[in-house]
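Presented below is the structure to which this report refers.
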Protein chains: 2
Amino acid sequence: MTKYVYLFSEGNASMRNLLGGKGANLAEMTNIGLPVPQGFTVTTEACTKYYDDGKVLNDEVISQVEAGLKKLEEITGKKFGDKKNPLLVSVRSGARASMPGMMDTILNLGINDEVVEGLSTLTGNERFAYDSYRRFIQMFSDVVMGLDKSKFERIIDEMKEKKGIKLDIEFTAEDLKEMVVKFKEFYKKEMKSDFPTDPKTQLIEAVKAVFRSWDNPRANVYRRMNDIPSSWGTAVNVQTMVFGNMGETSGTGVAFTRNPATGEKKLFGEYLMNAQGEDVVAGIRTPNPISTLEKQNPEIYKQFIEICETLENHYNDMQDMEFTIEKGKLYMLQTRNGKRTAKAALKIAVDLVNEGRINKEQALLMLDPKQLDALLHPTFDEKDLKNAEVIAHGLPASPGAATGKIVFTAERAKELSSKKEKVVLVRLETSPEDIEGMAVSQGVLTARGGMTSHAAVVARGMGTACVAGCSSLSVDEDNKVCTISGKTYHEGDEIAFDGSTGNVYGRKIDTKPAEVSGDFATIMEWADNARRLQVRTNADNPRDAEVAYRFGAEGIGLCRTEHMFFEADRIPAVREMIVSSTVEEREKALAKLLPMQRKDFIGLYKAMKGKPVTIRFLDPPLHEFLPHTDEEIRALAKDMGLTFDKLKHTVESLHEFNPMMGHRGLRLAVTYPEIARMQTRAVIEAALTVKKEDGYDIHPEIMIPLTCEAKEFNYVRDIVAQTADEVIKASGEKLDYKIGTMIEIPRAALTADEIAKTAEFFSFGTNDLTQMTFGFSRDDAGKFLDAYYDKKLFDSDPFAHVDQKGVGKLVDMAVKLGKSTRSDIKLGVCGEHGGDPQSIDFFHRVGLTYVSCSPYRVPIARLAAAQAAIRNK
Amino acid sequence: MTKYVYLFSEGNASMRNLLGGKGANLAEMTNIGLPVPQGFTVTTEACTKYYDDGKVLNDEVISQVEAGLKKLEEITGKKFGDKKNPLLVSVRSGARASMPGMMDTILNLGINDEVVEGLSTLTGNERFAYDSYRRFIQMFSDVVMGLDKSKFERIIDEMKEKKGIKLDIEFTAEDLKEMVVKFKEFYKKEMKSDFPTDPKTQLIEAVKAVFRSWDNPRANVYRRMNDIPSSWGTAVNVQTMVFGNMGETSGTGVAFTRNPATGEKKLFGEYLMNAQGEDVVAGIRTPNPISTLEKQNPEIYKQFIEICETLENHYNDMQDMEFTIEKGKLYMLQTRNGKRTAKAALKIAVDLVNEGRINKEQALLMLDPKQLDALLHPTFDEKDLKNAEVIAHGLPASPGAATGKIVFTAERAKELSSKKEKVVLVRLETSPEDIEGMAVSQGVLTARGGMTSHAAVVARGMGTACVAGCSSLSVDEDNKVCTISGKTYHEGDEIAFDGSTGNVYGRKIDTKPAEVSGDFATIMEWADNARRLQVRTNADNPRDAEVAYRFGAEGIGLCRTEHMFFEADRIPAVREMIVSSTVEEREKALAKLLPMQRKDFIGLYKAMKGKPVTIRFLDPPLHEFLPHTDEEIRALAKDMGLTFDKLKHTVESLHEFNPMMGHRGLRLAVTYPEIARMQTRAVIEAALTVKKEDGYDIHPEIMIPLTCEAKEFNYVRDIVAQTADEVIKASGEKLDYKIGTMIEIPRAALTADEIAKTAEFFSFGTNDLTQMTFGFSRDDAGKFLDAYYDKKLFDSDPFAHVDQKGVGKLVDMAVKLGKSTRSDIKLGVCGEHGGDPQSIDFFHRVGLTYVSCSPYRVPIARLAAAQAAIRNK
C-alpha cells in the first residue's frame, strides 16, 4: 500500500520530491526540534494519482488524510470540529520546486457555526473569531469553489454603506456575525447548496482544490518558463493554525539569515505585532526591521537568532524564514533557501566556503548559472540612476544599460562611433542591413517588434542592449527626429535605456562596464578547476572575440563567415560572384573578397591571442545575398551594369521552396569549389601573417558545414587541404591546421564513423540538427508550438534546451561512432544550446570536448560546465 | 602476393566479381572443354589497385601479365612478336555487370612491321595481313592514345581520291602497305614519338587504356543509370585472335539458344562467312539466319548445336553466344545469359521450370522485376499499329498506349468521359487543376515539360500514358485546335500515342489492356508463395484501387486524403474551412466536407472488397489549398463573399519559409482537432455503410502523419479514438479499427519505442524521411544533385533506392524500438521506395510486414518481395 500522507515528524529534507519543498522543510525543522505547528503532508504521488485517475481523489488518499488528521488531533490535543478546543488548519500547496503564487492559501479551515463559538470562548475575542470565520468562507468559496472573491467584497461594501463606515476594522463582532450569515446565504444562492459545515468535507475539498490548481493556466505558464515538468505534481501541507493577530503579544514576520541583495552576513527581515502574514506583505502597515524585535521582546529575539543559526548551520545556506508569535510563543512556519541577487549569490557562496561550512564544489552547485547574466552587461551608475525619470517602457529585449547620442541610421551610427562618440540607434524596426550600425551602438531602441524581432535576436547575439516594441516611441527617420511619450528628440540628443528592465530615460546616465572580479572571479577560478568541458565562443568579429576573451573563452568555436559577406564594403563583390555565369567570372569576384576575408581573420586571430579559432565556411543559400523586390533588383542591376531581366532571372533561379534544406552549406562548395578555395586561402594567409607579425602560433580549424555523407565531406576537404598546403608551401613557413565538419544533419550523425575517418573534429550544430530531427523549421514552428505547450505535448522549447531523447540520441550516437574510427576526435557544440546550462550538463555526459556559445554566455557556460563535472562525478 | 592474372583455364563462372562476366564465362567454357581461343584475364582487383595507386599500373600486375603471356605462348605454340608464327591477341574490357559499349575493343594486337610479314606468309594473304595492321594502328591510336579515328579516315579519303577509288575494298595490298606508312608517320607527327612496335608495350598500354575507360563519361552515366558502383572496376581479357575473314571456310556469327523476343525454345541467330564480328553488327552485308548454316556446313552446324545445348544445360539459362569459324574450325568467343523482352523472360523462366532444369525459386530469381513494367500498361494492337504513321515524337514520360478523341481542357475530358467516350488530353502543359481530367483520360500529351514535369510525374503516379515535351505540337486551347507537325487537329479528332516510346500517331489505333495471365500469372503465383512481405497499394480513388486490386494488391497502404480535397466540388468548402476564424465556422465548413469524404471512403472500401484500407489524415500545409496571386485571390474573395484584404491576409499569414517543415501533418490536427474529428467520422461511417450494404468486414486503419513525439501522437490518437467510438456506439454496430502513424521524421524513428506504446502500426514515409535525414528538400535538391552524381559523391538517387546506410539505419532502429514495446506491431512502408526492388529487399531484411506502392508497381513488388525472401533465406 502506498503511503500518501506523512506527518511532519515522519519526513525529512531529503524527501523533497515526495513532500514538496515546503513539506520537506517543515518535517526537517520538526526533526531538529524547532517549534513548528504540527501537521502533515499529502504527497506529490497523491497528486499524480489524482490526475492519472482522471481528476478523482482516490479513496485510499482520503482515508490516509483522515488518519493523519486523527494523529494530528492526538499531537495537538485539539479536535477537528470540536467546539471546546477546536483544531484549525491551514492548507497550502508545495511543489518540488518553488512556484510562488501558484495557489492561494486557505487559512482557518475547520471552522463552522459551532467551532466559531468555541474559538471565541477560547480566545476571549469574539470579533477575532468571527473575522476568522468570514475570512474562511470567503477564501474557501473563492479558492475551492471558484466563487469570485469580489462578489463577497460587494456584500462587505453594501454593509459598510448601510452602517456608514469606511474600514473593515470598524466592523463590530455583531457586524461580522451578520456578515457570516449573509455570506452563507449568498453561497447557497450561487452554489445551490449549503456552505459545507463539516470540517472533514472542507479539508478534502481543499486538498482537491490544491491538486486542481497544479493545472491552472498561471501554473502552466510558470512551469513552462521555468522548465518544471508537469509530471511532478504538487504536495499539500495541512498545518495547525497559529495566530499572530491575537493581541500585542502576538506577531508575525519574515527574515533572511543574510542580506539577499548584497549577500552580507547579517540577519535581515521585518515583522509586525498583532498581525497576520498577509499584513506584512500587503504593505498597509509598515513593518519593523527585525533588529527592533530585540528591544521589544529580547527573549523571543534571542530564541529566533538561535533558530536562524541552527537553520543556517543545518542547511548550510542562507535561509528565508516565516515565523509567527502566538501569545508570546514563537513558531516557525517555513524555512527555505532564500532567493538572492546574482551579486549576493556569489558573495554568499564564497563566504560559506571561507567560513568552512561548505566546500568549493558545493559552492559551485548552489549557484544558478543563468543568474550570472545580470552581471555580464554594463549597468547604470546607481547614484546617477537614482534621480532619473523613466519616460517610456518597452520590452526588455537584450540586457544591459545603454546611454548615448541618438542616431537614426546605421550609417550615422558608424560615422559617429568612428569618431569615438557613444551612440544609441533608434529605429522603427531594424533590418539585416543595420547589423554593422547595431554593432557599433551602445544599444538599440525600436518602436515595433517583439522579443523575437530582428532587433531583439541580433542584439542578444551581439550582447548589445536592446529595448524593443516601445509603443510610446515614434520615429521619423527622414527628418531625423523622434518623439518619446510626446516629447521630441533630435539626432544627437542623449537618452538612456536598460535592456534588462525595458525602461527608457530622457537623459544620459553614466554606465559601468561588466567586470569579472572579486567574488565573481573567485567563483570562475573554482569553476575552471572543476570543469572538464572547454568553453569557446561564437564570434564573427574582433569586437565579440575580445569580449569573449575577457570573459574567459578558450577559443572560437564558430565564426560564421557569411556575416562578413553582408558588410557594405563587400556585398557588391558577393553579388558579383553570385551572378557570375562562368568559373572565371566567379574567381574574379572572389579575388576581390580575398583581401577582405583575410583581414577579417587577422582581426579574429589577434583578438584571440593564439587560442584556436574555428572558421565555418559559407553556409546560407546564395539567394540570401540578393534583393527580392523588383525595385531593389532594378537598382542593383543598374549598379552592377546588368540588365534587369538577367538579374531577375538569377534571383528567380535561386529561389528555393525550402531554403533550410536547399543549396547551402558544403553543397555550395561542391558546386562552386572556388568559393572554398578563396576562403581557405584567406584563413591560411591570415594565420601566416599573424604568426609573423605577433608571434602567435595560430592553429586554424576549418569547419565544413552541412555534411550528410563522408564522400561529400572528403571532396570538399581535399579541395581545402590542397589549397592550404599550396599556400603554406609557397610561404616557406610551417603551420598546423585542422579540417572538420559540423554535425547538423541526421545522416551525418548516423554515418559519423565514416565521416570521422577524415574529419579531424566535429562540431554539433544543434540548431539545425533540432530542426531536421523534429522536422520543423524554426521560422515556421512559431505558428503551432504555442498549441503544443498549451496542450503539454512539449515540456520545453527544444531550441532552448537540447532534446535529449531525440536530438541527444543522435549526438550520443555520433560521438560513439566518431570515436570508433578516430579515438582522439575533438568534439564540440556550437548551437545555441552551447550556452544553456541544462544542455551543457548533457554535453558533458556524452563526452564532448568543448561547448561554444555567444560571448556573454561564456561565464555561464564555465560555471555550468563545472556543475556538470561535479554532478556527474 | 595477390594473383592479378588468371589463365582462362584457371578461372570459372563463379569468379565473376574478380574476372568480370566475360572472363568468368570464357574460363567456364574452357573448363567444360569447349573450343575457346585461349587467353588470360587481368582481374578487377588490378583495376581497383590502378585507381587506388593514382592511376598507375602496378609493377606486380605488369610482371604477371608478362608471365600470363608466356604461358599463352606455350599453350598456343605461337610467339608474341614472332615473325614466323606470331601470336596476335584481342584486348577487351569485361566488368562484373554487362556494360555494353563502355570501351572499344582492340583487335590484332601484337602486330608490327615484322609480324605483318609473318602473318602474310602464314595466311598467304598479304592484303589481309596489311589490312589487319592498318586497322590495328587506327584502333590502338584511337582507343589507347586518344588520337581521333577520324583523322586517320581523312588519310584514307585522300588516298582514295588520289587513286580514284570509292570503297575500302578496292585498296590493293600495296595501297595498304602505303597506308600503314602514312599512318605511322601521322602518328609520329601527332604524338611526337614512334608508333610502339614492341608488342609487349602495346599490350601494357592497352590494359591501362581499358582501366582508364572505366572512368570515362559514358561509363559513368551508364553506371549511374544502372546502379553499378564505381568501386567494382573492370577486368581485361587478353585472348588469342582467330579470324573469320580468312576466306570462304571462315565466318562469324551471334546466336541465342532461345528467341529473345518471344522466349520460344528455338535456336535464333545470324552469321556471315568470310567476315569479322563487326561486319555482322554493322549491317553493310545482310547476315544469314543461323538455320542456313546446316546446309552450308553440316558438320560445323552440328558441332555448334551441341555446344548450344551444352551451354544451356550448363548455365540453365538462355545463352547469347559469339562464334568464329577460322578455316573450317569453330571457336566460341563469348557466351552470356541473353538479354530478352519481358514477355520472353517470363516464358523462358516458366519453360525452364517445366523442363525440369531449374526450380521455381531459381526461376523467380532470374527475372528483373522492373522489366514487368512493360507488361502492365495497355499496348497497341500490333496489326493495327503496323501501318500507322508516326507523325511526331516526344518524351516517353509515362508508359502505356493511349488512343481517343482530343480534348483540350480537363472539364471537357470529364464531360466526355462521363458519356463513356475515350479521350486524350492535349495541353501546352498541365497544372494541379487538371488532375481529375488527367485521371479520366486515356493519356496526356503535352507540348512542353520534361520527364519530371507536372504532367509526367502525375501521369506516372496514376499509371496514365503520357508523352511530354512534344515540340512539334502547338496548342490553341481557346480555339480548341492544335497542330501536330504542321497538320491541324480539332477537338474530337482521334489520335494515338505511346508513352513507352514517345511516338505520336495521327489516327486511332486499337489498344489491348494489360492482363496478368499465362506465364505472367504463373510467375505471380510462384512469387506469392515465396514471399513473406505483403504488398499493398497507394491509392486515393476507386479507379486506382481497382487497378491495384486486379494486380494483386492485398490492401491499401496509403490513401492520401488531401487529394480528395482538391477536387472541384469540394475545394470551396476546403477554402471556407481554412479562412474560418472560429471553431464554429470551421466546423460548419467541415460539415459540408463530411458527406463527400464519406463517399470517397465508401468507394475505396468497395473497390478493395474488404481488404484493409489505410487512410492518412490531412497532411499538406493549408496554404496549398489557397491561391497565391492577387488576381486569383481577388476572384476567390468574390466567390467566397470575403474582402480581398481579409483573404489576402489569410494567405499571407499562412505563408511558410520552409513548408516541408511547417504547419502540416498532425500539427494541423493539434491546432484544429475538428479536422481530425470530421475525417474520423467519415472513415468510420463509410466503413459501417459498406459493412451493411456489401457485407465486407472493413477494418479501417487510420494513419496520423508527421508524428515526432509520442505525446503529440497520443493527443491526436485520443481525439480520433473518442470520435470513432462515439460513431460506432451510436450505430449499434461493431467495428474494429486501428490507429497508427507514419514514421517520416527522424525523431519519430529515434523515439519509436514510446510511440509504439499507443500506435498500433507504423508506416515508414521514406520520401520525407529521406528528405529530413539528408537535410535536403526534393524540390530544391535538383539544383545540386547532378553535381553530386558527376563527382561520384552519391552512388544513386536516394529517392529511387532507399539509402540503407543513413535512412535505413533509422528504419531499422524504429523497427527494433517499435517491437520492443509492441511485439506484434504492423510495419509498412508507403514511400516510393515501396515499389523499388532494391529497397524491397532491404525492407524484407529489416522485417517489415508490408510494402505499399502505386498500383502499376504491385506486380513488380510481388516479384521483388519473393526474390528478397529467397535471397535472404
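Residue numbers start at 1 in each chain; chains themselves are named A, B, ... in the order of the C-alpha cells; ligands are numbered from 1 in the order shown.
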Using DSSP secondary structure from the backbone, list all strand (DSSP E or B) positions within region 794-833 of chain B, as a compact mmCIF listing (two decimals) with C-alpha atoms, in the first residue's frame.
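Writing done, so here's out17.txt:
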# COMPACT_ATOMS: atom_id res chain seq x y z
CA LYS B 826 2.30 -3.91 -38.02
CA LEU B 827 5.08 -2.30 -40.04
CA GLY B 828 4.77 -0.97 -43.56
CA VAL B 829 6.36 1.43 -45.97
Selection: 6 Å around Ala255 (chain A), only C-alpha atoms, excl. self and same-chain fewer than 4 positions, as a JSON list (two decimals) with N, CA and C atoms, in the first residue's frame:
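Generated output (part-v6.json):
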[["chain", "number", "residue", "atom", "x", "y", "z"],
["A", 268, "PHE", "N", 18.42, 39.77, 8.29],
["A", 268, "PHE", "CA", 17.70, 40.77, 7.51],
["A", 268, "PHE", "C", 16.23, 40.37, 7.50],
["A", 269, "GLY", "N", 15.34, 41.26, 7.95],
["A", 269, "GLY", "CA", 13.94, 40.86, 7.93],
["A", 269, "GLY", "C", 13.03, 41.91, 8.52],
["A", 320, "ASP", "N", 15.48, 31.67, 4.21],
["A", 320, "ASP", "CA", 14.38, 32.62, 4.12],
["A", 320, "ASP", "C", 13.26, 32.00, 4.96],
["A", 321, "MET", "N", 12.88, 32.67, 6.08],
["A", 321, "MET", "CA", 12.01, 32.03, 7.06],
["A", 321, "MET", "C", 10.75, 32.85, 7.32]]
Residues of chain A that approach chain B to 7 Å or less, counting only C-alpha atoms: could you list each one with the shortest pair of atoms and its distance in Å to one decimal, rows by chain and increasing residue number, as a tab-separated table?
residue	atom	partner	partner_atom	distance
A:Glu656	CA	B:Asp780	CA	5.9
A:Phe657	CA	B:Asp780	CA	6.5
A:Asn658	CA	B:Asn658	CA	4.3
A:Pro659	CA	B:Asn658	CA	6.5
A:Met660	CA	B:Asn658	CA	6.7
A:Met661	CA	B:Phe776	CA	4.2
A:Gly662	CA	B:Asp780	CA	5.4
A:His663	CA	B:Phe784	CA	6.7
A:Thr671	CA	B:Ala787	CA	6.2
A:Cys708	CA	B:Phe774	CA	5.8
A:Lys711	CA	B:Leu793	CA	5.2
A:Glu712	CA	B:Leu793	CA	5.3
A:Ile745	CA	B:Gly775	CA	5.7
A:Pro746	CA	B:Thr773	CA	5.0
A:Arg747	CA	B:Thr773	CA	5.1
A:Leu750	CA	B:Gly806	CA	5.8
A:Thr751	CA	B:Gly806	CA	6.5
A:Met772	CA	B:Met772	CA	5.5
A:Thr773	CA	B:Pro746	CA	5.0
A:Phe774	CA	B:Arg747	CA	5.6
A:Gly775	CA	B:Met661	CA	5.3
A:Phe776	CA	B:Met661	CA	4.2
A:Ser777	CA	B:Met661	CA	5.2
A:Asp779	CA	B:Phe657	CA	6.5
A:Asp780	CA	B:Gly662	CA	5.4
A:Ala781	CA	B:Gly662	CA	6.3
A:Phe784	CA	B:His663	CA	6.7
A:Ala787	CA	B:Thr671	CA	6.2
A:Leu793	CA	B:Lys711	CA	5.3
A:Gly806	CA	B:Arg747	CA	5.3
- Task: Have a look at CA of Val475 (chain A) and CA of Gly463 (chain A) and let me know their distance in Å, one decimal.
- Result: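 Separating CA of Val475 (chain A) from CA of Gly463 (chain A) is a distance of 24.0 Å.
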- Message: I'd like the contact shell of Ser796 (chain B) - 9 Å cut-off, only C-alpha atoms, skipping same-chain residues fewer than 5 positions apart - returned as an NGL selection string.
- Response: :B and (224-229 or 789 or 801 or 803)
- Message: I need the alpha helix (DSSP H) residues of region 172-352 of chain B per DSSP on the backbone, written as a VMD selection string.
- Response: chain B and resid 173 to 191 199 to 213 217 to 226 277 to 282 293 to 296 298 to 315 342 to 352
- Could you name the residues that touch region 402-413 of chain B at 6 Å or less, counting only C-alpha atoms, but leaving out those on the same chain fewer than 5 positions away, as a list in words?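 So, after excluding close chain neighbours, the residues are Lys422, Val423, Val424, Leu425, Val426, Arg427, Asp434, Gly437, Gln442, Gly443, Glu477, Glu491, Gly492, Asp493, Glu494, Ile495, Ala496, Phe497 and Lys508 of chain B.
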Okay, now the selection with N, CA, C and O atoms, as a compact mmCIF listing (two decimals), in the first residue's frame?
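Writing the result to result_31.txt gives the following:
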# COMPACT_ATOMS: atom_id res chain seq x y z
N LYS B 422 -13.87 7.80 -75.10
CA LYS B 422 -12.45 7.71 -74.76
C LYS B 422 -11.77 8.98 -75.25
O LYS B 422 -11.85 9.32 -76.43
N VAL B 423 -11.12 9.68 -74.32
CA VAL B 423 -10.49 10.95 -74.70
C VAL B 423 -9.01 10.95 -74.35
O VAL B 423 -8.56 10.21 -73.47
N VAL B 424 -8.25 11.77 -75.08
CA VAL B 424 -6.86 12.05 -74.70
C VAL B 424 -6.75 13.54 -74.47
O VAL B 424 -7.31 14.33 -75.24
N LEU B 425 -6.07 13.90 -73.41
CA LEU B 425 -5.95 15.31 -73.03
C LEU B 425 -4.69 15.89 -73.68
O LEU B 425 -3.59 15.38 -73.47
N VAL B 426 -4.89 16.93 -74.49
CA VAL B 426 -3.77 17.57 -75.18
C VAL B 426 -3.61 18.98 -74.61
O VAL B 426 -4.55 19.77 -74.66
N ARG B 427 -2.46 19.27 -74.05
CA ARG B 427 -2.26 20.55 -73.35
C ARG B 427 -0.87 21.10 -73.67
O ARG B 427 0.06 20.36 -74.00
N ASP B 434 -5.72 20.15 -63.35
CA ASP B 434 -6.05 19.21 -64.41
C ASP B 434 -6.13 17.77 -63.92
O ASP B 434 -6.46 16.87 -64.70
N GLY B 437 -9.12 15.66 -64.76
CA GLY B 437 -9.21 15.44 -66.20
C GLY B 437 -8.19 14.43 -66.67
O GLY B 437 -8.46 13.60 -67.56
N GLN B 442 -7.45 8.73 -71.46
CA GLN B 442 -6.64 7.56 -71.81
C GLN B 442 -5.16 7.89 -71.72
O GLN B 442 -4.34 7.02 -71.48
N GLY B 443 -4.85 9.16 -71.96
CA GLY B 443 -3.46 9.57 -71.92
C GLY B 443 -3.34 11.07 -72.01
O GLY B 443 -4.33 11.77 -72.28
N GLU B 477 -5.70 26.45 -77.01
CA GLU B 477 -6.80 25.94 -76.19
C GLU B 477 -8.08 26.75 -76.38
O GLU B 477 -9.18 26.20 -76.37
N GLU B 491 -10.85 19.51 -81.67
CA GLU B 491 -11.42 18.72 -80.57
C GLU B 491 -12.28 17.62 -81.16
O GLU B 491 -13.05 17.85 -82.10
N GLY B 492 -12.13 16.44 -80.66
CA GLY B 492 -12.93 15.30 -81.16
C GLY B 492 -12.18 14.47 -82.19
O GLY B 492 -12.53 13.31 -82.42
N ASP B 493 -11.19 15.04 -82.86
CA ASP B 493 -10.36 14.24 -83.79
C ASP B 493 -9.63 13.17 -82.98
O ASP B 493 -9.24 13.38 -81.84
N GLU B 494 -9.43 12.04 -83.63
CA GLU B 494 -8.78 10.95 -82.91
C GLU B 494 -7.29 10.86 -83.21
O GLU B 494 -6.87 10.99 -84.36
N ILE B 495 -6.52 10.67 -82.15
CA ILE B 495 -5.08 10.41 -82.32
C ILE B 495 -4.70 9.27 -81.38
O ILE B 495 -5.55 8.75 -80.65
N ALA B 496 -3.44 8.90 -81.45
CA ALA B 496 -2.93 7.85 -80.55
C ALA B 496 -1.49 8.18 -80.20
O ALA B 496 -0.81 8.90 -80.95
N PHE B 497 -1.03 7.76 -79.04
CA PHE B 497 0.39 7.90 -78.72
C PHE B 497 0.80 6.83 -77.73
O PHE B 497 -0.03 6.23 -77.05
N LYS B 508 -6.69 6.94 -84.71
CA LYS B 508 -7.00 5.98 -83.66
C LYS B 508 -6.26 4.66 -83.93
O LYS B 508 -6.13 4.23 -85.09
